[in-house]
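S.K.: Just protein.txt, nothing more (compact mmCIF, N, CA and C atoms):
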# COMPACT_ATOMS: atom_id res chain seq x y z
N MET D 1 85.24 117.87 104.48
CA MET D 1 83.97 118.33 103.97
C MET D 1 83.51 117.36 102.88
N PRO D 2 82.30 116.82 102.99
CA PRO D 2 81.80 115.87 102.00
C PRO D 2 81.59 116.54 100.64
N VAL D 3 81.71 115.73 99.61
CA VAL D 3 81.50 116.21 98.25
C VAL D 3 80.01 116.14 97.95
N SER D 4 79.46 117.19 97.37
CA SER D 4 78.02 117.27 97.11
C SER D 4 77.57 116.27 96.04
N GLY D 5 76.28 116.03 96.01
CA GLY D 5 75.70 115.15 95.00
C GLY D 5 75.94 115.65 93.59
N ALA D 6 75.88 116.97 93.40
CA ALA D 6 76.11 117.55 92.07
C ALA D 6 77.54 117.28 91.60
N VAL D 7 78.49 117.41 92.51
CA VAL D 7 79.89 117.14 92.14
C VAL D 7 80.08 115.65 91.84
N ARG D 8 79.44 114.80 92.62
CA ARG D 8 79.52 113.35 92.37
C ARG D 8 78.96 113.00 90.99
N GLU D 9 77.91 113.68 90.58
CA GLU D 9 77.35 113.44 89.25
C GLU D 9 78.34 113.84 88.16
N ARG D 10 79.02 114.95 88.35
CA ARG D 10 80.05 115.37 87.38
C ARG D 10 81.20 114.37 87.36
N ILE D 11 81.55 113.85 88.53
CA ILE D 11 82.63 112.86 88.60
C ILE D 11 82.26 111.61 87.83
N ARG D 12 81.01 111.19 87.94
CA ARG D 12 80.56 109.96 87.26
C ARG D 12 80.77 110.00 85.76
N THR D 13 80.79 111.20 85.16
CA THR D 13 81.02 111.30 83.71
C THR D 13 82.42 110.86 83.33
N PHE D 14 83.35 110.81 84.30
CA PHE D 14 84.72 110.37 84.04
C PHE D 14 84.92 108.88 84.34
N LEU D 15 83.89 108.22 84.87
CA LEU D 15 83.99 106.81 85.24
C LEU D 15 83.16 105.95 84.30
N ASP D 16 83.41 104.64 84.31
CA ASP D 16 82.57 103.71 83.56
C ASP D 16 81.16 103.74 84.13
N ALA D 17 80.18 103.49 83.28
CA ALA D 17 78.77 103.55 83.69
C ALA D 17 78.46 102.59 84.83
N ASP D 18 79.14 101.45 84.88
CA ASP D 18 78.85 100.45 85.91
C ASP D 18 79.77 100.55 87.13
N ASP D 19 80.59 101.60 87.18
CA ASP D 19 81.50 101.77 88.30
C ASP D 19 80.78 102.43 89.48
N GLU D 20 81.35 102.27 90.66
CA GLU D 20 80.74 102.78 91.89
C GLU D 20 81.77 103.59 92.67
N ILE D 21 81.43 104.82 93.02
CA ILE D 21 82.32 105.67 93.80
C ILE D 21 82.35 105.18 95.25
N ARG D 22 83.55 104.98 95.76
CA ARG D 22 83.71 104.58 97.17
C ARG D 22 84.13 105.77 98.03
N TYR D 23 85.15 106.50 97.58
CA TYR D 23 85.67 107.64 98.32
C TYR D 23 86.01 108.76 97.33
N VAL D 24 85.80 110.00 97.76
CA VAL D 24 86.21 111.18 97.00
C VAL D 24 86.78 112.18 98.01
N PHE D 25 87.94 112.72 97.68
CA PHE D 25 88.49 113.74 98.55
C PHE D 25 89.35 114.71 97.74
N PRO D 26 89.39 115.97 98.16
CA PRO D 26 90.21 116.96 97.46
C PRO D 26 91.67 116.84 97.88
N ALA D 27 92.52 117.21 96.96
CA ALA D 27 93.96 117.23 97.23
C ALA D 27 94.59 118.33 96.38
N SER D 28 95.83 118.63 96.69
CA SER D 28 96.60 119.60 95.91
C SER D 28 97.87 118.92 95.45
N ILE D 29 98.21 119.16 94.19
CA ILE D 29 99.47 118.63 93.67
C ILE D 29 100.55 119.62 94.07
N LEU D 30 101.52 119.16 94.83
CA LEU D 30 102.60 120.03 95.27
C LEU D 30 103.45 120.47 94.08
N MET D 31 103.82 121.74 94.09
CA MET D 31 104.71 122.30 93.06
C MET D 31 104.13 122.17 91.65
N SER D 32 102.85 122.50 91.48
CA SER D 32 102.23 122.35 90.17
C SER D 32 101.29 123.52 89.89
N ILE D 33 101.19 123.89 88.62
CA ILE D 33 100.23 124.91 88.19
C ILE D 33 98.82 124.35 88.32
N GLN D 34 98.67 123.09 88.04
CA GLN D 34 97.38 122.40 88.05
C GLN D 34 97.14 121.87 89.46
N SER D 35 97.03 122.76 90.42
CA SER D 35 97.16 122.33 91.80
C SER D 35 95.97 121.60 92.40
N SER D 36 94.75 121.97 92.11
CA SER D 36 93.60 121.36 92.79
C SER D 36 93.07 120.16 92.01
N VAL D 37 92.89 119.06 92.75
CA VAL D 37 92.38 117.84 92.14
C VAL D 37 91.37 117.19 93.08
N LEU D 38 90.59 116.29 92.51
CA LEU D 38 89.74 115.39 93.30
C LEU D 38 90.29 113.99 93.08
N VAL D 39 90.54 113.28 94.15
CA VAL D 39 90.97 111.89 94.07
C VAL D 39 89.72 111.04 94.28
N VAL D 40 89.43 110.21 93.30
CA VAL D 40 88.22 109.39 93.32
C VAL D 40 88.63 107.93 93.41
N VAL D 41 88.25 107.29 94.49
CA VAL D 41 88.50 105.86 94.65
C VAL D 41 87.18 105.18 94.35
N SER D 42 87.17 104.38 93.30
CA SER D 42 85.94 103.68 92.91
C SER D 42 86.17 102.18 93.00
N ARG D 43 85.16 101.44 92.66
CA ARG D 43 85.26 99.98 92.71
C ARG D 43 86.32 99.48 91.73
N LYS D 44 86.49 100.17 90.58
CA LYS D 44 87.39 99.70 89.53
C LYS D 44 88.75 100.38 89.48
N SER D 45 88.85 101.63 89.96
CA SER D 45 90.09 102.37 89.76
C SER D 45 90.27 103.48 90.78
N ILE D 46 91.44 104.09 90.68
CA ILE D 46 91.70 105.35 91.37
C ILE D 46 91.87 106.37 90.27
N THR D 47 91.05 107.40 90.30
CA THR D 47 91.03 108.42 89.26
C THR D 47 91.34 109.76 89.89
N VAL D 48 92.27 110.49 89.27
CA VAL D 48 92.61 111.83 89.73
C VAL D 48 92.09 112.80 88.68
N LEU D 49 91.22 113.73 89.12
CA LEU D 49 90.59 114.70 88.22
C LEU D 49 91.03 116.11 88.57
N SER D 50 91.45 116.85 87.57
CA SER D 50 91.82 118.24 87.79
C SER D 50 90.57 119.08 87.96
N THR D 51 90.63 120.03 88.90
CA THR D 51 89.53 120.97 89.06
C THR D 51 89.97 122.36 88.63
N GLY D 52 91.14 122.45 88.06
CA GLY D 52 91.65 123.73 87.60
C GLY D 52 92.30 124.52 88.72
N PHE D 53 92.70 125.72 88.38
CA PHE D 53 93.43 126.55 89.32
C PHE D 53 92.51 127.28 90.31
N TRP D 54 91.31 127.67 89.87
CA TRP D 54 90.44 128.50 90.70
C TRP D 54 89.37 127.74 91.43
N SER D 55 89.11 126.50 91.06
CA SER D 55 88.01 125.74 91.66
C SER D 55 88.55 124.53 92.40
N THR D 56 87.79 124.08 93.38
CA THR D 56 88.15 122.83 94.05
C THR D 56 87.01 121.82 93.96
N LYS D 57 85.95 122.17 93.24
CA LYS D 57 84.77 121.32 93.23
C LYS D 57 84.34 120.80 91.87
N ALA D 58 84.68 121.48 90.80
CA ALA D 58 84.19 121.08 89.48
C ALA D 58 85.28 120.34 88.70
N PRO D 59 85.15 119.02 88.56
CA PRO D 59 86.16 118.28 87.81
C PRO D 59 86.14 118.68 86.33
N LYS D 60 87.35 118.94 85.79
CA LYS D 60 87.45 119.43 84.42
C LYS D 60 88.15 118.47 83.47
N SER D 61 89.15 117.76 83.98
CA SER D 61 89.89 116.86 83.10
C SER D 61 90.53 115.73 83.90
N LEU D 62 90.86 114.69 83.17
CA LEU D 62 91.50 113.51 83.77
C LEU D 62 93.00 113.76 83.90
N VAL D 63 93.52 113.57 85.09
CA VAL D 63 94.96 113.69 85.33
C VAL D 63 95.60 112.31 85.29
N ALA D 64 94.98 111.34 85.96
CA ALA D 64 95.54 109.98 86.03
C ALA D 64 94.44 108.99 86.36
N ARG D 65 94.61 107.77 85.85
CA ARG D 65 93.73 106.67 86.21
C ARG D 65 94.64 105.47 86.50
N LEU D 66 94.50 104.93 87.70
CA LEU D 66 95.34 103.83 88.14
C LEU D 66 94.47 102.65 88.57
N SER D 67 95.07 101.50 88.62
CA SER D 67 94.38 100.30 89.06
C SER D 67 93.87 100.47 90.49
N ARG D 68 92.74 99.86 90.78
CA ARG D 68 92.19 99.92 92.14
C ARG D 68 93.10 99.23 93.13
N ASN D 69 93.97 98.38 92.67
CA ASN D 69 94.91 97.71 93.57
C ASN D 69 96.08 98.60 93.98
N THR D 70 96.11 99.83 93.47
CA THR D 70 97.16 100.77 93.82
C THR D 70 96.95 101.28 95.25
N VAL D 71 98.01 101.27 96.03
CA VAL D 71 97.95 101.75 97.41
C VAL D 71 98.25 103.24 97.41
N LEU D 72 97.42 104.02 98.08
CA LEU D 72 97.60 105.47 98.15
C LEU D 72 98.65 105.86 99.18
N GLY D 73 98.63 105.21 100.32
CA GLY D 73 99.51 105.58 101.43
C GLY D 73 100.87 104.95 101.30
N PRO D 74 101.66 105.11 102.32
CA PRO D 74 101.32 105.75 103.59
C PRO D 74 101.30 107.26 103.44
N VAL D 75 100.54 107.89 104.31
CA VAL D 75 100.47 109.34 104.34
C VAL D 75 101.55 109.85 105.28
N ASP D 76 102.36 110.76 104.79
CA ASP D 76 103.38 111.40 105.61
C ASP D 76 102.70 112.51 106.39
N VAL D 77 102.70 112.42 107.70
CA VAL D 77 102.02 113.41 108.54
C VAL D 77 102.99 114.22 109.39
N GLN D 78 104.27 114.26 109.00
CA GLN D 78 105.26 115.01 109.77
C GLN D 78 104.96 116.51 109.79
N SER D 79 104.46 117.03 108.69
CA SER D 79 104.03 118.43 108.65
C SER D 79 102.63 118.44 108.04
N THR D 80 102.46 119.01 106.87
CA THR D 80 101.17 118.94 106.19
C THR D 80 101.06 117.55 105.58
N PRO D 81 99.95 116.84 105.81
CA PRO D 81 99.84 115.48 105.29
C PRO D 81 99.92 115.43 103.77
N TYR D 82 100.67 114.45 103.28
CA TYR D 82 100.73 114.22 101.84
C TYR D 82 101.02 112.75 101.59
N PHE D 83 100.68 112.32 100.38
CA PHE D 83 101.01 110.96 99.94
C PHE D 83 101.52 111.04 98.52
N ARG D 84 102.24 110.03 98.12
CA ARG D 84 102.81 109.98 96.77
C ARG D 84 102.05 108.93 95.98
N LEU D 85 101.56 109.33 94.82
CA LEU D 85 100.80 108.44 93.94
C LEU D 85 101.36 108.56 92.54
N ASP D 86 101.86 107.48 92.01
CA ASP D 86 102.41 107.46 90.65
C ASP D 86 103.47 108.54 90.45
N GLY D 87 104.30 108.74 91.48
CA GLY D 87 105.40 109.69 91.38
C GLY D 87 105.04 111.14 91.64
N VAL D 88 103.80 111.41 92.01
CA VAL D 88 103.34 112.78 92.26
C VAL D 88 102.96 112.91 93.73
N ASP D 89 103.36 114.01 94.37
CA ASP D 89 103.00 114.26 95.76
C ASP D 89 101.69 115.03 95.83
N TYR D 90 100.74 114.48 96.60
CA TYR D 90 99.43 115.10 96.79
C TYR D 90 99.27 115.49 98.24
N GLU D 91 99.04 116.78 98.48
CA GLU D 91 98.82 117.29 99.81
C GLU D 91 97.32 117.21 100.14
N ILE D 92 97.01 116.77 101.37
CA ILE D 92 95.61 116.67 101.79
C ILE D 92 95.44 117.31 103.16
N ASP D 93 94.21 117.66 103.48
CA ASP D 93 93.90 118.15 104.82
C ASP D 93 93.93 116.99 105.81
N ASP D 94 94.15 117.30 107.06
CA ASP D 94 94.21 116.28 108.12
C ASP D 94 93.00 115.36 108.11
N GLU D 95 91.83 115.91 107.84
CA GLU D 95 90.60 115.12 107.90
C GLU D 95 90.55 114.00 106.87
N TYR D 96 91.37 114.06 105.82
CA TYR D 96 91.32 113.05 104.76
C TYR D 96 92.36 111.94 104.95
N VAL D 97 93.20 112.04 105.96
CA VAL D 97 94.17 110.97 106.23
C VAL D 97 93.42 109.66 106.50
N ALA D 98 92.36 109.72 107.27
CA ALA D 98 91.56 108.52 107.57
C ALA D 98 90.92 107.95 106.31
N VAL D 99 90.55 108.80 105.37
CA VAL D 99 89.94 108.34 104.12
C VAL D 99 90.97 107.57 103.30
N VAL D 100 92.17 108.10 103.20
CA VAL D 100 93.24 107.40 102.48
C VAL D 100 93.52 106.06 103.15
N ASN D 101 93.60 106.04 104.46
CA ASN D 101 93.85 104.79 105.18
C ASN D 101 92.72 103.78 104.98
N ALA D 102 91.47 104.25 104.95
CA ALA D 102 90.33 103.35 104.73
C ALA D 102 90.36 102.77 103.32
N ALA D 103 90.68 103.60 102.34
CA ALA D 103 90.76 103.11 100.96
C ALA D 103 91.85 102.05 100.82
N ASP D 104 92.99 102.29 101.47
CA ASP D 104 94.07 101.31 101.43
C ASP D 104 93.70 100.03 102.18
N ALA D 105 92.98 100.16 103.27
CA ALA D 105 92.59 98.99 104.06
C ALA D 105 91.67 98.07 103.26
N GLU D 106 90.87 98.62 102.39
CA GLU D 106 89.97 97.80 101.57
C GLU D 106 90.73 96.84 100.67
N ILE D 107 91.86 97.28 100.15
CA ILE D 107 92.60 96.39 99.24
C ILE D 107 93.68 95.60 99.95
N ALA D 108 94.15 96.09 101.10
CA ALA D 108 95.22 95.40 101.81
C ALA D 108 94.75 94.05 102.34
N SER D 109 93.61 94.03 102.98
CA SER D 109 93.09 92.78 103.53
C SER D 109 91.58 92.92 103.74
N PRO D 110 90.80 92.81 102.67
CA PRO D 110 89.35 93.02 102.80
C PRO D 110 88.69 92.07 103.79
N GLN D 111 89.25 90.88 103.98
CA GLN D 111 88.65 89.93 104.91
C GLN D 111 88.85 90.35 106.37
N ASP D 112 89.81 91.25 106.62
CA ASP D 112 90.08 91.69 107.98
C ASP D 112 89.29 92.93 108.40
N LEU D 113 88.49 93.48 107.49
CA LEU D 113 87.69 94.65 107.86
C LEU D 113 86.64 94.25 108.88
N PRO D 114 86.32 95.15 109.78
CA PRO D 114 85.29 94.82 110.78
C PRO D 114 83.94 94.63 110.13
N ARG D 115 83.17 93.73 110.69
CA ARG D 115 81.81 93.48 110.18
C ARG D 115 80.93 94.67 110.49
N ASP D 116 79.94 94.90 109.64
CA ASP D 116 78.98 95.99 109.84
C ASP D 116 78.14 95.66 111.07
N PRO D 117 78.15 96.52 112.11
CA PRO D 117 77.40 96.21 113.32
C PRO D 117 75.89 96.33 113.13
N LEU D 118 75.46 97.04 112.11
CA LEU D 118 74.03 97.23 111.84
C LEU D 118 73.73 96.93 110.36
N PRO D 119 73.87 95.69 109.95
CA PRO D 119 73.74 95.37 108.52
C PRO D 119 72.33 95.58 107.97
N ASP D 120 71.33 95.67 108.80
CA ASP D 120 69.96 95.81 108.31
C ASP D 120 69.57 97.26 108.07
N LEU D 121 70.43 98.19 108.36
CA LEU D 121 70.10 99.61 108.15
C LEU D 121 70.46 100.06 106.77
Could you spell out this file's structure in structure tokens?
M.R.:
Amino acid sequence: MPVSGAVRERIRTFLDADDEIRYVFPASILMSIQSSVLVVVSRKSITVLSTGFWSTKAPKSLVARLSRNTVLGPVDVQSTPYFRLDGVDYEIDDEYVAVVNAADAEIASPQDLPRDPLPDL
């Protein structure tokens, strides 16, 4: 499910003014009271924002900020998909596995990404 424009605006308050959001997806921290988070992959960093216990959409506080060169994957898909980031396991829905892989592909070999088939749009 895409993140709304209103949520993206709230997320921007946690980023540098000149930063650009590339990917945003919800995740859950396994075995934690602070379970719901938004993982934000931007041009400059990977930012994990807590949404609190009852919400999954309103970012409330900064959990972690890592270098954009940090690799999120691989995603373990043996049961419920999850990935480990900075020593913490984050569970995601199946639909976000491709998002994690795309974010990692950008830093793994940006020159190998496919060209935009419709660059004028």
S.K.: Using only N, CA and C atoms, can you list as a PDB file with N, CA and C atoms, in the coordinates of the input the residues within 8 Å of (101.0, 107.3, 105.4)?
M.R.:
ATOM      1  N   LEU D  72      97.420 104.020  98.080  1.00  0.00           N
ATOM      2  CA  LEU D  72      97.600 105.470  98.150  1.00  0.00           C
ATOM      3  C   LEU D  72      98.650 105.860  99.180  1.00  0.00           C
ATOM      4  N   GLY D  73      98.630 105.210 100.320  1.00  0.00           N
ATOM      5  CA  GLY D  73      99.510 105.580 101.430  1.00  0.00           C
ATOM      6  C   GLY D  73     100.870 104.950 101.300  1.00  0.00           C
ATOM      7  N   PRO D  74     101.660 105.110 102.320  1.00  0.00           N
ATOM      8  CA  PRO D  74     101.320 105.750 103.590  1.00  0.00           C
ATOM      9  C   PRO D  74     101.300 107.260 103.440  1.00  0.00           C
ATOM     10  N   VAL D  75     100.540 107.890 104.310  1.00  0.00           N
ATOM     11  CA  VAL D  75     100.470 109.340 104.340  1.00  0.00           C
ATOM     12  C   VAL D  75     101.550 109.850 105.280  1.00  0.00           C
ATOM     13  N   ASP D  76     102.360 110.760 104.790  1.00  0.00           N
ATOM     14  CA  ASP D  76     103.380 111.400 105.610  1.00  0.00           C
ATOM     15  C   ASP D  76     102.700 112.510 106.390  1.00  0.00           C
ATOM     16  N   VAL D  77     102.700 112.420 107.700  1.00  0.00           N
ATOM     17  CA  VAL D  77     102.020 113.410 108.540  1.00  0.00           C
ATOM     18  C   VAL D  77     102.990 114.220 109.390  1.00  0.00           C
ATOM     19  N   TYR D  82     100.670 114.450 103.280  1.00  0.00           N
ATOM     20  CA  TYR D  82     100.730 114.220 101.840  1.00  0.00           C
ATOM     21  C   TYR D  82     101.020 112.750 101.590  1.00  0.00           C
ATOM     22  N   PHE D  83     100.680 112.320 100.380  1.00  0.00           N
ATOM     23  CA  PHE D  83     101.010 110.960  99.940  1.00  0.00           C
ATOM     24  C   PHE D  83     101.520 111.040  98.520  1.00  0.00           C
ATOM     25  N   ARG D  84     102.240 110.030  98.120  1.00  0.00           N
ATOM     26  CA  ARG D  84     102.810 109.980  96.770  1.00  0.00           C
ATOM     27  C   ARG D  84     102.050 108.930  95.980  1.00  0.00           C
ATOM     28  N   VAL D  97      93.200 112.040 105.960  1.00  0.00           N
ATOM     29  CA  VAL D  97      94.170 110.970 106.230  1.00  0.00           C
ATOM     30  C   VAL D  97      93.420 109.660 106.500  1.00  0.00           C
ATOM     31  N   VAL D 100      92.170 108.100 103.200  1.00  0.00           N
ATOM     32  CA  VAL D 100      93.240 107.400 102.480  1.00  0.00           C
ATOM     33  C   VAL D 100      93.520 106.060 103.150  1.00  0.00           C
ATOM     34  N   ASN D 101      93.600 106.040 104.460  1.00  0.00           N
ATOM     35  CA  ASN D 101      93.850 104.790 105.180  1.00  0.00           C
ATOM     36  C   ASN D 101      92.720 103.780 104.980  1.00  0.00           C
TER      37      ASN D 101
END
S.K.: Which neighbours of Thr70 (chain D) fall inside 8 Å, counting all atoms listed in the file, when residues of the same chain fewer than 2 positions from it are skipped, and could you give them as a list in words?
M.R.: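 Surrounding residues, per the criterion: Ser45, Ile46, Leu66, Ser67, Arg68, Leu72, Gly73, Ala103, Asp104 and Ile107 of chain D.
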S.K.: For CA of Glu20 (chain D) and CA of Thr47 (chain D), determine how far apart the two atoms are, in Å to one decimal place.
M.R.: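 Separating CA of Glu20 (chain D) from CA of Thr47 (chain D) is a distance of 12.0 Å.
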S.K.: Please report the interatomic distance between atom N of Val41 (chain D) and CA of Pro81 (chain D) in Å with one decimal.
M.R.: 17.8 Å
S.K.: May I ask which of the residues D:Ala102, D:Asp86, D:Pro26, D:Asp18 is the closest one to Val3 (chain D), counting all atoms listed in the file?
M.R.: D:Pro26
S.K.: Would you pull region 91-105 of chain D out of the block just shown and save N, CA, C and O atoms as a short mmCIF file (atom, residue, chain, number, x, y, z; two decimals), in the first residue's frame?
M.R.:
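Contents of decode.cif, freshly written:
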data_model
loop_
_atom_site.label_atom_id
_atom_site.label_comp_id
_atom_site.auth_asym_id
_atom_site.auth_seq_id
_atom_site.Cartn_x
_atom_site.Cartn_y
_atom_site.Cartn_z
N GLU D 91 10.33 -7.09 10.13
CA GLU D 91 9.39 -7.91 9.38
C GLU D 91 8.62 -7.02 8.40
O GLU D 91 8.20 -5.93 8.76
N ILE D 92 8.46 -7.50 7.16
CA ILE D 92 7.73 -6.74 6.14
C ILE D 92 6.71 -7.64 5.46
O ILE D 92 6.82 -8.86 5.50
N ASP D 93 5.72 -7.02 4.84
CA ASP D 93 4.76 -7.77 4.04
C ASP D 93 5.43 -8.21 2.73
O ASP D 93 6.38 -7.57 2.27
N ASP D 94 4.90 -9.25 2.14
CA ASP D 94 5.45 -9.78 0.89
C ASP D 94 5.61 -8.72 -0.19
O ASP D 94 6.57 -8.74 -0.95
N GLU D 95 4.67 -7.79 -0.25
CA GLU D 95 4.69 -6.79 -1.31
C GLU D 95 5.89 -5.85 -1.23
O GLU D 95 6.23 -5.20 -2.21
N TYR D 96 6.56 -5.78 -0.07
CA TYR D 96 7.69 -4.85 0.08
C TYR D 96 9.04 -5.51 -0.16
O TYR D 96 10.07 -4.84 -0.13
N VAL D 97 9.07 -6.80 -0.40
CA VAL D 97 10.34 -7.48 -0.71
C VAL D 97 10.96 -6.85 -1.96
O VAL D 97 12.16 -6.58 -2.00
N ALA D 98 10.15 -6.59 -2.97
CA ALA D 98 10.65 -5.97 -4.20
C ALA D 98 11.18 -4.57 -3.95
O ALA D 98 12.15 -4.14 -4.58
N VAL D 99 10.59 -3.85 -3.01
CA VAL D 99 11.05 -2.50 -2.68
C VAL D 99 12.43 -2.55 -2.04
O VAL D 99 13.33 -1.79 -2.40
N VAL D 100 12.62 -3.47 -1.12
CA VAL D 100 13.93 -3.65 -0.49
C VAL D 100 14.96 -4.02 -1.54
O VAL D 100 16.07 -3.45 -1.58
N ASN D 101 14.62 -4.93 -2.43
CA ASN D 101 15.55 -5.35 -3.48
C ASN D 101 15.88 -4.19 -4.42
O ASN D 101 17.03 -4.03 -4.85
N ALA D 102 14.89 -3.35 -4.74
CA ALA D 102 15.13 -2.20 -5.62
C ALA D 102 16.05 -1.18 -4.95
O ALA D 102 16.95 -0.63 -5.58
N ALA D 103 15.82 -0.94 -3.67
CA ALA D 103 16.68 0.00 -2.93
C ALA D 103 18.12 -0.49 -2.90
O ALA D 103 19.06 0.28 -3.09
N ASP D 104 18.29 -1.79 -2.67
CA ASP D 104 19.64 -2.37 -2.66
C ASP D 104 20.27 -2.33 -4.05
O ASP D 104 21.47 -2.10 -4.19
N ALA D 105 19.48 -2.55 -5.08
CA ALA D 105 20.01 -2.55 -6.45
C ALA D 105 20.55 -1.18 -6.83
O ALA D 105 21.52 -1.08 -7.59
#
